[in-house]
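Data block below; observations after.
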Amino acid sequence: MAAARQAGALRDEVRDVALGTAEPTEFRRAALDAIRRRIPFDIGCIALVDPASMMFTGVTMLDADDPSGRAAETVAHIEYGTSCFANTYGRLARTRTGVQTIREALDCDIRDALPYNEILEPQGMDDEVRLVFRGRDGRVWGGGTLMRGPGRRFDAEEVATLAGCVSEIGDGLRLSLLRGSPLLASDESLAGSGPAVVVVGADNEIESATPQATEYLERLGYEGSFMLPAVVIAVRFRYEGTAARAVRARTQDGQWLVLRAGSLDGRGESARIVVAIEPAQPAQLVALTAALHGLTERETDVLARVLAGESRTEIARGLFISPYTVQDHLKSIYAKTGVGSRQELVARLFFTHCLPRIGTTVGPDGWFVEKPAPEDVRVGAQRKR
């Protein structure tokens, strides 16, 4: 009963925080503060997650340290590498509660575990609880980690309290993204910016980065290790062996970016990975926009075709439905996104960034099929190490 009361009070506070904060970073910090008042911890973090890929896209940390100087590489390897401890948040997302202590998650002596040896112990910590923030829409919008020093393990009541509020935090993360006004990309803001490319070496450390890539990564607001998004996407690309990997991320000032990984010189653990960063085009935000606003699968299909410049008749023909049904879907989309017309909808997503690739194919998931990127990337890189 005590856990239920604590969870109820925490849910109420998180809802108030979600309504009273203006942007994602502010909400994450306020949510951590709200948790800490009821469940004390020594180190804590909340990370945004792209629900389509389960990739980290923004993180706020409280009282964390990086004694080894390799926090980004360590976190990426534990989450996306080849060890038996990899995919921690991915596995947690498939559990009923989405909350688990490190000792519950491991089937070995904790002192033999990579997360303990590489993260907890170097920071003087002895216990950890991880959380996955799944909103009421069923999508995972974030993850979190709370740590404590020796002699202060998280007990079952505290874990139950956290499990009782993860959904509210997930909804809060979603709302913080939804509320943030996108950054208007003017010709002035895009002109002369240069290529945005990061090269990640075989040891998963940054070899080089162009000035524009560094600026983008700093604007993503990763506290403590701003290169983490580039390392995470490179490691996942390296070990999953997919033909391409892309993730969407929102900067602190509201601009949506797309990060893409590709091999620079072969495949496997010895390969160098190139990560290209570019402003997101509206076509690349279709799936995320649909998730943020709760669009149905069919409404997502309609939205994608609207952004491709199709008329109501063309949309109806392409989706094998009547023009009247298309209009009904459009009305629903307008209501959910808070606009009054197709023109307002396009203005919100289209002109906020830059012109989409008119006429490209719409994929089965509601995304536009991208043109292949050049395989040979040559940039004048700025050494980071």
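Going by the structure tokens order, chains are called A, B, ..., each with residues numbered from 1, while ligands are numbered from 1 in the order shown.
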
Applying 12 Å and only C-alpha atoms, which residues near Arg219 (chain A) remain after dropping the ones on its own chain fewer than 6 positions away? List them as a ChimeraX atom specification. /A:25,57-59,212-213,226-227,229,249-257

Write the residues of the selection above to a file with N, CA, C and O atoms, as a tab-separated table (two decimals), in the first residue's frame.
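After the write, result_1.tsv holds the following:
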```tsv
chain	number	residue	atom	x	y	z
A	25	THR	N	14.60	18.98	-22.21
A	25	THR	CA	15.65	18.97	-21.21
A	25	THR	C	15.13	19.40	-19.84
A	25	THR	O	15.46	18.81	-18.81
A	57	THR	N	18.51	9.58	-28.05
A	57	THR	CA	18.58	10.82	-28.81
A	57	THR	C	18.78	12.06	-27.95
A	57	THR	O	18.90	13.16	-28.46
A	58	GLY	N	18.80	11.91	-26.65
A	58	GLY	CA	19.05	13.05	-25.75
A	58	GLY	C	19.08	12.53	-24.33
A	58	GLY	O	18.36	11.60	-23.99
A	59	VAL	N	19.93	13.09	-23.49
A	59	VAL	CA	20.04	12.58	-22.13
A	59	VAL	C	20.33	13.70	-21.15
A	59	VAL	O	21.01	14.67	-21.48
A	212	GLN	N	30.82	21.40	-38.24
A	212	GLN	CA	29.36	21.41	-38.25
A	212	GLN	C	28.78	20.23	-37.48
A	212	GLN	O	27.78	20.35	-36.77
A	213	ALA	N	29.43	19.06	-37.57
A	213	ALA	CA	28.98	17.90	-36.81
A	213	ALA	C	29.10	18.17	-35.32
A	213	ALA	O	28.20	17.84	-34.53
A	226	PHE	N	28.88	14.81	-25.15
A	226	PHE	CA	28.03	15.25	-26.24
A	226	PHE	C	28.22	14.43	-27.51
A	226	PHE	O	27.40	14.48	-28.42
A	227	MET	N	29.31	13.65	-27.61
A	227	MET	CA	29.53	12.81	-28.78
A	227	MET	C	28.78	11.48	-28.70
A	227	MET	O	28.84	10.68	-29.63
A	229	PRO	N	25.63	10.40	-29.10
A	229	PRO	CA	24.76	9.94	-30.18
A	229	PRO	C	25.52	9.36	-31.36
A	229	PRO	O	25.11	8.34	-31.93
A	249	ALA	N	16.67	12.90	-34.09
A	249	ALA	CA	16.93	13.51	-32.78
A	249	ALA	C	16.59	14.99	-32.84
A	249	ALA	O	16.76	15.64	-33.87
A	250	ARG	N	16.12	15.52	-31.71
A	250	ARG	CA	15.71	16.92	-31.63
A	250	ARG	C	16.74	17.71	-30.83
A	250	ARG	O	17.10	17.32	-29.72
A	251	THR	N	17.24	18.81	-31.38
A	251	THR	CA	18.18	19.66	-30.67
A	251	THR	C	17.45	20.42	-29.56
A	251	THR	O	16.23	20.51	-29.54
A	252	GLN	N	18.22	20.99	-28.65
A	252	GLN	CA	17.62	21.75	-27.55
A	252	GLN	C	16.85	22.95	-28.05
A	252	GLN	O	15.89	23.38	-27.40
A	253	ASP	N	17.23	23.51	-29.20
A	253	ASP	CA	16.52	24.66	-29.72
A	253	ASP	C	15.42	24.28	-30.71
A	253	ASP	O	14.85	25.13	-31.37
A	254	GLY	N	15.12	22.98	-30.82
A	254	GLY	CA	13.91	22.57	-31.53
A	254	GLY	C	14.09	22.07	-32.94
A	254	GLY	O	13.10	21.78	-33.60
A	255	GLN	N	15.29	21.97	-33.46
A	255	GLN	CA	15.48	21.49	-34.82
A	255	GLN	C	15.63	19.97	-34.83
A	255	GLN	O	16.34	19.40	-33.99
A	256	TRP	N	14.96	19.33	-35.77
A	256	TRP	CA	15.07	17.88	-35.90
A	256	TRP	C	16.23	17.55	-36.84
A	256	TRP	O	16.36	18.12	-37.92
A	257	LEU	N	17.05	16.58	-36.41
A	257	LEU	CA	18.18	16.12	-37.20
A	257	LEU	C	18.03	14.63	-37.50
A	257	LEU	O	17.32	13.91	-36.78
```

Quick one: DSSP helix (DSSP H, G or I) residues in region 94-304 of chain A, as a PyMOL selection string? chain A and resi 102-105+110-112+114-123+156-163+166-179+187-190+211-219+228-240+282-293+297-304

Based on the backbone DSSP call, show me all residues of region 32-227 of chain A assigned strand (DSSP E or B), as a ChimeraX atom specification. /A:43-50,55-62,99-101,127-134,140-148,197-200,206-209

Selected residues, N, CA and C atoms, written as a tab-separated table (two decimals), in the first residue's frame, please.
```tsv
chain	number	residue	atom	x	y	z
A	43	ILE	N	23.32	8.99	-8.35
A	43	ILE	CA	23.51	9.35	-9.76
A	43	ILE	C	22.26	8.95	-10.51
A	44	GLY	N	21.79	9.81	-11.39
A	44	GLY	CA	20.60	9.48	-12.16
A	44	GLY	C	20.64	10.07	-13.55
A	45	CYS	N	19.94	9.42	-14.47
A	45	CYS	CA	19.82	9.97	-15.82
A	45	CYS	C	18.50	9.54	-16.43
A	46	ILE	N	17.99	10.40	-17.30
A	46	ILE	CA	16.83	10.07	-18.14
A	46	ILE	C	17.22	10.40	-19.57
A	47	ALA	N	17.00	9.44	-20.47
A	47	ALA	CA	17.35	9.62	-21.88
A	47	ALA	C	16.11	9.54	-22.74
A	48	LEU	N	16.07	10.40	-23.74
A	48	LEU	CA	15.05	10.29	-24.78
A	48	LEU	C	15.41	9.12	-25.69
A	49	VAL	N	14.38	8.47	-26.25
A	49	VAL	CA	14.58	7.36	-27.16
A	49	VAL	C	13.74	7.60	-28.41
A	50	ASP	N	14.31	7.36	-29.57
A	50	ASP	CA	13.52	7.35	-30.80
A	50	ASP	C	12.69	6.07	-30.78
A	55	MET	N	16.91	4.02	-30.14
A	55	MET	CA	18.23	4.64	-30.04
A	55	MET	C	18.13	5.88	-29.16
A	56	PHE	N	19.17	6.11	-28.32
A	56	PHE	CA	19.21	7.31	-27.49
A	56	PHE	C	19.32	8.55	-28.35
A	57	THR	N	18.51	9.58	-28.05
A	57	THR	CA	18.58	10.82	-28.81
A	57	THR	C	18.78	12.06	-27.95
A	58	GLY	N	18.80	11.91	-26.65
A	58	GLY	CA	19.05	13.05	-25.75
A	58	GLY	C	19.08	12.53	-24.33
A	59	VAL	N	19.93	13.09	-23.49
A	59	VAL	CA	20.04	12.58	-22.13
A	59	VAL	C	20.33	13.70	-21.15
A	60	THR	N	19.77	13.58	-19.96
A	60	THR	CA	20.05	14.48	-18.85
A	60	THR	C	20.57	13.65	-17.69
A	61	MET	N	21.72	14.03	-17.13
A	61	MET	CA	22.34	13.29	-16.05
A	61	MET	C	22.50	14.17	-14.82
A	62	LEU	N	22.31	13.59	-13.66
A	62	LEU	CA	22.52	14.28	-12.39
A	62	LEU	C	23.69	13.63	-11.66
A	99	VAL	N	10.85	-2.00	-15.27
A	99	VAL	CA	11.74	-1.55	-14.19
A	99	VAL	C	12.45	-2.77	-13.62
A	100	GLN	N	13.79	-2.65	-13.42
A	100	GLN	CA	14.54	-3.81	-12.94
A	100	GLN	C	15.87	-3.36	-12.34
A	101	THR	N	16.24	-3.95	-11.20
A	101	THR	CA	17.55	-3.67	-10.63
A	101	THR	C	18.59	-4.49	-11.38
A	127	ASP	N	24.75	-0.26	-6.67
A	127	ASP	CA	23.44	-0.77	-7.10
A	127	ASP	C	22.86	0.16	-8.16
A	128	GLU	N	22.00	-0.42	-8.98
A	128	GLU	CA	21.43	0.33	-10.10
A	128	GLU	C	20.05	-0.21	-10.39
A	129	VAL	N	19.13	0.70	-10.72
A	129	VAL	CA	17.82	0.30	-11.23
A	129	VAL	C	17.63	0.99	-12.57
A	130	ARG	N	17.18	0.21	-13.55
A	130	ARG	CA	16.93	0.76	-14.89
A	130	ARG	C	15.43	0.80	-15.16
A	131	LEU	N	15.03	1.80	-15.95
A	131	LEU	CA	13.62	2.01	-16.23
A	131	LEU	C	13.42	2.26	-17.72
A	132	VAL	N	12.32	1.76	-18.26
A	132	VAL	CA	11.91	2.07	-19.62
A	132	VAL	C	10.59	2.82	-19.53
A	133	PHE	N	10.53	3.98	-20.18
A	133	PHE	CA	9.35	4.85	-20.09
A	133	PHE	C	8.46	4.66	-21.31
A	134	ARG	N	7.48	3.78	-21.16
A	134	ARG	CA	6.52	3.52	-22.23
A	134	ARG	C	5.25	4.31	-21.94
A	140	VAL	N	7.82	3.31	-26.57
A	140	VAL	CA	8.87	3.65	-25.62
A	140	VAL	C	9.46	5.00	-26.02
A	141	TRP	N	9.37	5.99	-25.12
A	141	TRP	CA	9.87	7.34	-25.39
A	141	TRP	C	11.13	7.67	-24.62
A	142	GLY	N	11.55	6.77	-23.75
A	142	GLY	CA	12.77	7.06	-23.00
A	142	GLY	C	13.19	5.92	-22.11
A	143	GLY	N	14.36	6.09	-21.51
A	143	GLY	CA	14.87	5.14	-20.54
A	143	GLY	C	15.61	5.89	-19.46
A	144	GLY	N	15.80	5.25	-18.32
A	144	GLY	CA	16.48	5.92	-17.22
A	144	GLY	C	17.29	4.96	-16.39
A	145	THR	N	18.24	5.51	-15.65
A	145	THR	CA	19.07	4.73	-14.74
A	145	THR	C	19.27	5.52	-13.45
A	146	LEU	N	19.07	4.85	-12.32
A	146	LEU	CA	19.32	5.43	-11.01
A	146	LEU	C	20.36	4.57	-10.31
A	147	MET	N	21.35	5.19	-9.66
A	147	MET	CA	22.43	4.45	-9.00
A	147	MET	C	22.57	4.88	-7.54
A	148	ARG	N	23.05	3.93	-6.73
A	148	ARG	CA	23.32	4.20	-5.32
A	148	ARG	C	24.67	3.61	-4.93
A	197	VAL	N	30.03	15.51	-40.45
A	197	VAL	CA	30.46	14.12	-40.50
A	197	VAL	C	31.35	13.80	-39.31
A	198	VAL	N	31.11	12.64	-38.71
A	198	VAL	CA	31.95	12.13	-37.62
A	198	VAL	C	32.50	10.77	-38.04
A	199	VAL	N	33.77	10.53	-37.77
A	199	VAL	CA	34.38	9.23	-38.04
A	199	VAL	C	34.68	8.55	-36.71
A	200	VAL	N	34.14	7.33	-36.54
A	200	VAL	CA	34.32	6.55	-35.32
A	200	VAL	C	35.24	5.38	-35.63
A	206	ILE	N	35.97	8.50	-31.05
A	206	ILE	CA	35.89	9.49	-32.12
A	206	ILE	C	37.29	9.74	-32.69
A	207	GLU	N	37.45	9.51	-33.99
A	207	GLU	CA	38.71	9.83	-34.66
A	207	GLU	C	38.73	11.27	-35.14
A	208	SER	N	37.62	11.71	-35.69
A	208	SER	CA	37.56	13.08	-36.21
A	208	SER	C	36.12	13.49	-36.38
A	209	ALA	N	35.91	14.81	-36.45
A	209	ALA	CA	34.57	15.35	-36.64
A	209	ALA	C	34.70	16.72	-37.28
```

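Using only C-alpha atoms, the shortest contact distance between Ala31 (chain A) and any of A:Gly194, A:Gly201, A:Gly221, A:Gly172 is found at A:Gly172.
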
Shell around Ala271 (chain A) at 10 Å using only C-alpha atoms, local window under 2 positions removed, as a VMD selection string: chain A and resid 200 to 204 238 263 to 269 273 to 274

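Remark: for Glu118 (chain A), the closest of the candidate residues A:Ala93, A:Val75, A:Ala308, A:Ala105 is A:Val75 (distances computed over only C-alpha atoms).
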
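With CA of Ala304 (chain A) on one side and CA of Gly90 (chain A) on the other, the separation reads 28.1 Å.
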
Within 9 Å of Ala316 (chain A), counting only C-alpha atoms, which residues show up once you throw out same-chain ones fewer than 5 positions away? Write them as a ChimeraX atom specification, please. /A:302,311,321-326

Write the residues you've just listed into a file as a short mmCIF file (atom, residue, chain, number, x, y, z; two decimals), in the first residue's frame, and include all heavy atoms for each of them.
```cif
data_model
loop_
_atom_site.label_atom_id
_atom_site.label_comp_id
_atom_site.auth_asym_id
_atom_site.auth_seq_id
_atom_site.Cartn_x
_atom_site.Cartn_y
_atom_site.Cartn_z
N VAL A 302 -1.70 8.69 -45.15
CA VAL A 302 -2.24 9.91 -45.78
C VAL A 302 -1.28 11.08 -45.56
O VAL A 302 -1.00 11.85 -46.49
CB VAL A 302 -3.64 10.23 -45.21
CG1 VAL A 302 -4.12 11.61 -45.70
CG2 VAL A 302 -4.64 9.16 -45.63
N SER A 311 -2.45 15.21 -54.38
CA SER A 311 -3.80 15.75 -54.19
C SER A 311 -4.67 14.71 -53.50
O SER A 311 -4.28 13.55 -53.34
CB SER A 311 -4.42 16.10 -55.55
OG SER A 311 -4.65 14.91 -56.30
N ILE A 321 -8.79 3.96 -51.66
CA ILE A 321 -9.93 4.39 -50.87
C ILE A 321 -10.59 5.55 -51.60
O ILE A 321 -10.05 6.08 -52.57
CB ILE A 321 -9.51 4.83 -49.45
CG1 ILE A 321 -8.46 5.95 -49.51
CG2 ILE A 321 -8.99 3.63 -48.65
CD1 ILE A 321 -8.00 6.45 -48.14
N SER A 322 -11.76 5.96 -51.13
CA SER A 322 -12.47 7.04 -51.81
C SER A 322 -11.92 8.40 -51.38
O SER A 322 -11.36 8.54 -50.28
CB SER A 322 -13.96 6.98 -51.48
OG SER A 322 -14.19 7.44 -50.16
N PRO A 323 -12.09 9.43 -52.22
CA PRO A 323 -11.67 10.79 -51.83
C PRO A 323 -12.37 11.27 -50.56
O PRO A 323 -11.79 12.05 -49.79
CB PRO A 323 -12.05 11.64 -53.04
CG PRO A 323 -12.04 10.68 -54.19
CD PRO A 323 -12.54 9.39 -53.63
N TYR A 324 -13.62 10.81 -50.34
CA TYR A 324 -14.34 11.21 -49.13
C TYR A 324 -13.68 10.62 -47.88
O TYR A 324 -13.60 11.27 -46.83
CB TYR A 324 -15.80 10.77 -49.22
CG TYR A 324 -16.53 11.38 -50.38
CD1 TYR A 324 -16.80 10.64 -51.53
CD2 TYR A 324 -16.93 12.72 -50.35
CE1 TYR A 324 -17.46 11.19 -52.62
CE2 TYR A 324 -17.58 13.30 -51.44
CZ TYR A 324 -17.84 12.53 -52.56
OH TYR A 324 -18.49 13.09 -53.63
N THR A 325 -13.21 9.38 -48.01
CA THR A 325 -12.50 8.75 -46.90
C THR A 325 -11.19 9.48 -46.63
O THR A 325 -10.79 9.69 -45.48
CB THR A 325 -12.23 7.27 -47.19
OG1 THR A 325 -13.47 6.61 -47.43
CG2 THR A 325 -11.52 6.60 -46.01
N VAL A 326 -10.50 9.90 -47.71
CA VAL A 326 -9.27 10.68 -47.55
C VAL A 326 -9.56 11.95 -46.76
O VAL A 326 -8.82 12.33 -45.85
CB VAL A 326 -8.65 11.03 -48.91
CG1 VAL A 326 -7.48 12.00 -48.74
CG2 VAL A 326 -8.18 9.78 -49.63
#
```

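Shortest separation to Glu13 (chain A) among A:Glu168, A:Asp112, A:Glu73, A:Asp155 occurs at residue A:Glu168, atoms counted being only C-alpha atoms.
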
Test item: residues at most 8 Å from Leu173 (chain A), only C-alpha atoms, excluding those fewer than 2 positions along its chain, as a ChimeraX atom specification: /A:18,24,27-28,48,141-142,169-171,175-177

Keeping only all heavy atoms, take the residues you just selected and write them out as a CSV table (one decimal), in the first residue's frame.
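Produced file again.csv, reproduced below:
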```csv
chain,number,residue,atom,x,y,z
A,18,ALA,N,5.1,17.8,-16.3
A,18,ALA,CA,4.9,17.7,-17.8
A,18,ALA,C,4.2,18.9,-18.3
A,18,ALA,O,4.5,19.4,-19.4
A,18,ALA,CB,4.2,16.4,-18.1
A,24,PRO,N,12.1,19.5,-23.7
A,24,PRO,CA,12.5,18.2,-23.2
A,24,PRO,C,13.5,18.2,-22.1
A,24,PRO,O,13.4,17.4,-21.1
A,24,PRO,CB,13.0,17.5,-24.4
A,24,PRO,CG,12.2,18.1,-25.6
A,24,PRO,CD,12.1,19.5,-25.1
A,27,PHE,N,12.1,19.1,-18.8
A,27,PHE,CA,11.2,18.1,-18.2
A,27,PHE,C,12.0,17.0,-17.6
A,27,PHE,O,11.7,16.5,-16.5
A,27,PHE,CB,10.2,17.5,-19.3
A,27,PHE,CG,9.5,16.3,-18.8
A,27,PHE,CD1,8.5,16.4,-17.9
A,27,PHE,CD2,9.9,15.0,-19.2
A,27,PHE,CE1,7.8,15.3,-17.4
A,27,PHE,CE2,9.3,13.9,-18.7
A,27,PHE,CZ,8.2,14.0,-17.8
A,28,ARG,N,13.1,16.5,-18.3
A,28,ARG,CA,13.9,15.4,-17.8
A,28,ARG,C,14.5,15.7,-16.5
A,28,ARG,O,14.5,14.9,-15.6
A,28,ARG,CB,15.0,15.0,-18.9
A,28,ARG,CG,14.4,14.5,-20.2
A,28,ARG,CD,15.5,13.8,-21.0
A,28,ARG,NE,16.6,14.7,-21.4
A,28,ARG,CZ,16.7,15.4,-22.5
A,28,ARG,NH1,15.7,15.3,-23.4
A,28,ARG,NH2,17.8,16.1,-22.8
A,48,LEU,N,16.1,10.4,-23.7
A,48,LEU,CA,15.1,10.3,-24.8
A,48,LEU,C,15.4,9.1,-25.7
A,48,LEU,O,16.6,8.8,-25.9
A,48,LEU,CB,15.0,11.6,-25.6
A,48,LEU,CG,14.2,12.7,-25.1
A,48,LEU,CD1,14.4,13.9,-26.0
A,48,LEU,CD2,12.7,12.4,-25.1
A,141,TRP,N,9.4,6.0,-25.1
A,141,TRP,CA,9.9,7.3,-25.4
A,141,TRP,C,11.1,7.7,-24.6
A,141,TRP,O,11.7,8.7,-24.8
A,141,TRP,CB,8.8,8.4,-25.1
A,141,TRP,CG,7.6,8.3,-26.0
A,141,TRP,CD1,6.4,7.6,-25.8
A,141,TRP,CD2,7.5,8.8,-27.3
A,141,TRP,NE1,5.6,7.7,-26.9
A,141,TRP,CE2,6.3,8.5,-27.8
A,141,TRP,CE3,8.4,9.6,-28.1
A,141,TRP,CZ2,5.9,8.8,-29.1
A,141,TRP,CZ3,8.0,9.9,-29.4
A,141,TRP,CH2,6.7,9.6,-29.9
A,142,GLY,N,11.6,6.8,-23.7
A,142,GLY,CA,12.8,7.1,-23.0
A,142,GLY,C,13.2,5.9,-22.1
A,142,GLY,O,12.5,4.9,-22.0
A,169,ILE,N,5.9,9.2,-16.9
A,169,ILE,CA,7.1,9.8,-17.4
A,169,ILE,C,7.2,9.7,-18.9
A,169,ILE,O,7.7,10.6,-19.7
A,169,ILE,CB,8.4,9.2,-16.7
A,169,ILE,CG1,8.3,9.6,-15.2
A,169,ILE,CG2,9.7,9.8,-17.3
A,169,ILE,CD1,9.4,9.0,-14.4
A,170,GLY,N,6.8,8.5,-19.5
A,170,GLY,CA,6.8,8.3,-20.9
A,170,GLY,C,5.9,9.3,-21.6
A,170,GLY,O,6.3,9.9,-22.6
A,171,ASP,N,4.7,9.5,-21.0
A,171,ASP,CA,3.8,10.5,-21.6
A,171,ASP,C,4.4,11.9,-21.5
A,171,ASP,O,4.2,12.7,-22.4
A,171,ASP,CB,2.4,10.4,-20.9
A,171,ASP,CG,1.6,9.2,-21.3
A,171,ASP,OD1,1.9,8.6,-22.3
A,171,ASP,OD2,0.8,8.8,-20.5
A,175,LEU,N,5.1,14.4,-24.5
A,175,LEU,CA,4.5,15.8,-24.5
A,175,LEU,C,5.6,16.8,-24.7
A,175,LEU,O,5.3,17.9,-25.3
A,175,LEU,CB,3.7,16.0,-23.2
A,175,LEU,CG,3.0,17.3,-23.1
A,175,LEU,CD1,2.0,17.6,-24.2
A,175,LEU,CD2,2.3,17.4,-21.7
A,176,SER,N,6.7,16.6,-24.1
A,176,SER,CA,7.8,17.6,-24.2
A,176,SER,C,8.3,17.8,-25.6
A,176,SER,O,8.6,18.9,-26.0
A,176,SER,CB,8.9,17.3,-23.2
A,176,SER,OG,9.7,16.1,-23.7
A,177,LEU,N,8.3,16.7,-26.3
A,177,LEU,CA,8.7,16.8,-27.8
A,177,LEU,C,7.6,17.4,-28.6
A,177,LEU,O,7.8,18.2,-29.5
A,177,LEU,CB,8.9,15.4,-28.3
A,177,LEU,CG,10.2,14.7,-27.8
A,177,LEU,CD1,10.2,13.2,-28.3
A,177,LEU,CD2,11.4,15.4,-28.4
```

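For the pair CA of Glu278 (chain A) and CA of Thr21 (chain A), the interatomic distance is 27.7 Å.
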
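Nearest-residue note for Arg305 (chain A): choosing from A:His293, A:Arg96, A:Arg136, A:Arg342, the minimum distance belongs to A:Arg342, counting only C-alpha atoms.
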
Just want the 10 Å neighbourhood of Arg38 (chain A), counted on only C-alpha atoms, with same-chain residues fewer than 3 positions away dropped. Output as a short mmCIF file (atom, residue, chain, number, x, y, z; two decimals) with all heavy atoms, in the first residue's frame.
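Saved the output as part-v7.cif:
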```
data_model
loop_
_atom_site.label_atom_id
_atom_site.label_comp_id
_atom_site.auth_asym_id
_atom_site.auth_seq_id
_atom_site.Cartn_x
_atom_site.Cartn_y
_atom_site.Cartn_z
N GLN A 6 2.93 6.11 -2.71
CA GLN A 6 4.10 6.83 -3.22
C GLN A 6 4.03 6.99 -4.73
O GLN A 6 4.32 8.04 -5.29
CB GLN A 6 5.38 6.09 -2.84
CG GLN A 6 5.85 6.34 -1.42
CD GLN A 6 6.66 7.63 -1.33
OE1 GLN A 6 6.10 8.73 -1.42
NE2 GLN A 6 7.96 7.50 -1.15
N ALA A 7 3.65 5.89 -5.42
CA ALA A 7 3.55 5.95 -6.89
C ALA A 7 2.48 6.94 -7.32
O ALA A 7 2.66 7.69 -8.29
CB ALA A 7 3.26 4.56 -7.44
N ALA A 9 1.45 9.63 -5.69
CA ALA A 9 1.94 10.99 -5.47
C ALA A 9 2.97 11.37 -6.52
O ALA A 9 2.98 12.51 -7.01
CB ALA A 9 2.55 11.09 -4.07
N LEU A 10 3.83 10.42 -6.88
CA LEU A 10 4.84 10.69 -7.89
C LEU A 10 4.21 10.89 -9.26
O LEU A 10 4.63 11.78 -10.02
CB LEU A 10 5.86 9.54 -7.93
CG LEU A 10 7.09 9.73 -8.82
CD1 LEU A 10 7.80 11.03 -8.53
CD2 LEU A 10 8.04 8.53 -8.65
N ASP A 33 14.35 15.21 -10.46
CA ASP A 33 14.22 15.85 -9.15
C ASP A 33 13.01 15.31 -8.40
O ASP A 33 13.07 15.07 -7.18
CB ASP A 33 14.10 17.36 -9.30
CG ASP A 33 15.41 18.02 -9.74
OD1 ASP A 33 16.48 17.41 -9.55
OD2 ASP A 33 15.35 19.14 -10.28
N ALA A 34 11.90 15.09 -9.11
CA ALA A 34 10.68 14.57 -8.48
C ALA A 34 10.91 13.15 -7.95
O ALA A 34 10.48 12.81 -6.85
CB ALA A 34 9.53 14.59 -9.48
N ILE A 35 11.60 12.32 -8.73
CA ILE A 35 11.91 10.97 -8.28
C ILE A 35 12.80 11.01 -7.06
O ILE A 35 12.58 10.29 -6.07
CB ILE A 35 12.58 10.17 -9.41
CG1 ILE A 35 11.60 9.93 -10.57
CG2 ILE A 35 13.11 8.83 -8.89
CD1 ILE A 35 12.25 9.32 -11.80
N PHE A 41 18.68 8.85 -4.72
CA PHE A 41 19.72 8.18 -5.48
C PHE A 41 20.94 9.10 -5.54
O PHE A 41 20.83 10.30 -5.29
CB PHE A 41 19.22 7.81 -6.90
CG PHE A 41 18.72 8.97 -7.70
CD1 PHE A 41 19.60 9.79 -8.41
CD2 PHE A 41 17.36 9.26 -7.77
CE1 PHE A 41 19.14 10.87 -9.16
CE2 PHE A 41 16.89 10.33 -8.52
CZ PHE A 41 17.79 11.13 -9.22
N GLU A 158 10.54 0.31 -3.42
CA GLU A 158 10.99 1.41 -4.27
C GLU A 158 10.85 1.04 -5.75
O GLU A 158 10.45 1.87 -6.57
CB GLU A 158 12.43 1.77 -3.94
CG GLU A 158 12.57 2.43 -2.57
CD GLU A 158 14.02 2.58 -2.15
OE1 GLU A 158 14.83 1.68 -2.45
OE2 GLU A 158 14.35 3.61 -1.52
N THR A 161 7.27 1.37 -6.63
CA THR A 161 6.90 2.78 -6.77
C THR A 161 7.31 3.31 -8.13
O THR A 161 6.53 4.00 -8.82
CB THR A 161 7.57 3.63 -5.67
OG1 THR A 161 7.11 3.19 -4.39
CG2 THR A 161 7.26 5.11 -5.85
N LEU A 162 8.52 2.99 -8.56
CA LEU A 162 9.00 3.44 -9.88
C LEU A 162 8.16 2.83 -10.99
O LEU A 162 7.81 3.51 -11.97
CB LEU A 162 10.47 3.07 -10.05
CG LEU A 162 11.46 3.83 -9.16
CD1 LEU A 162 12.84 3.19 -9.22
CD2 LEU A 162 11.53 5.30 -9.59
#
```

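What separates CA of Ala234 (chain A) from CA of Val275 (chain A) is a distance of 6.8 Å.
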
I want to know what sits within 12 Å of Tyr116 (chain A), based on only C-alpha atoms, with residues of the same chain fewer than 2 positions away left out; could you give that as a count of residues only? 28

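Minimum distance to Glu299 (chain A) across A:Asp65, A:Glu79, A:Asp328, A:Asp42 (counting only C-alpha atoms) occurs at A:Asp328.
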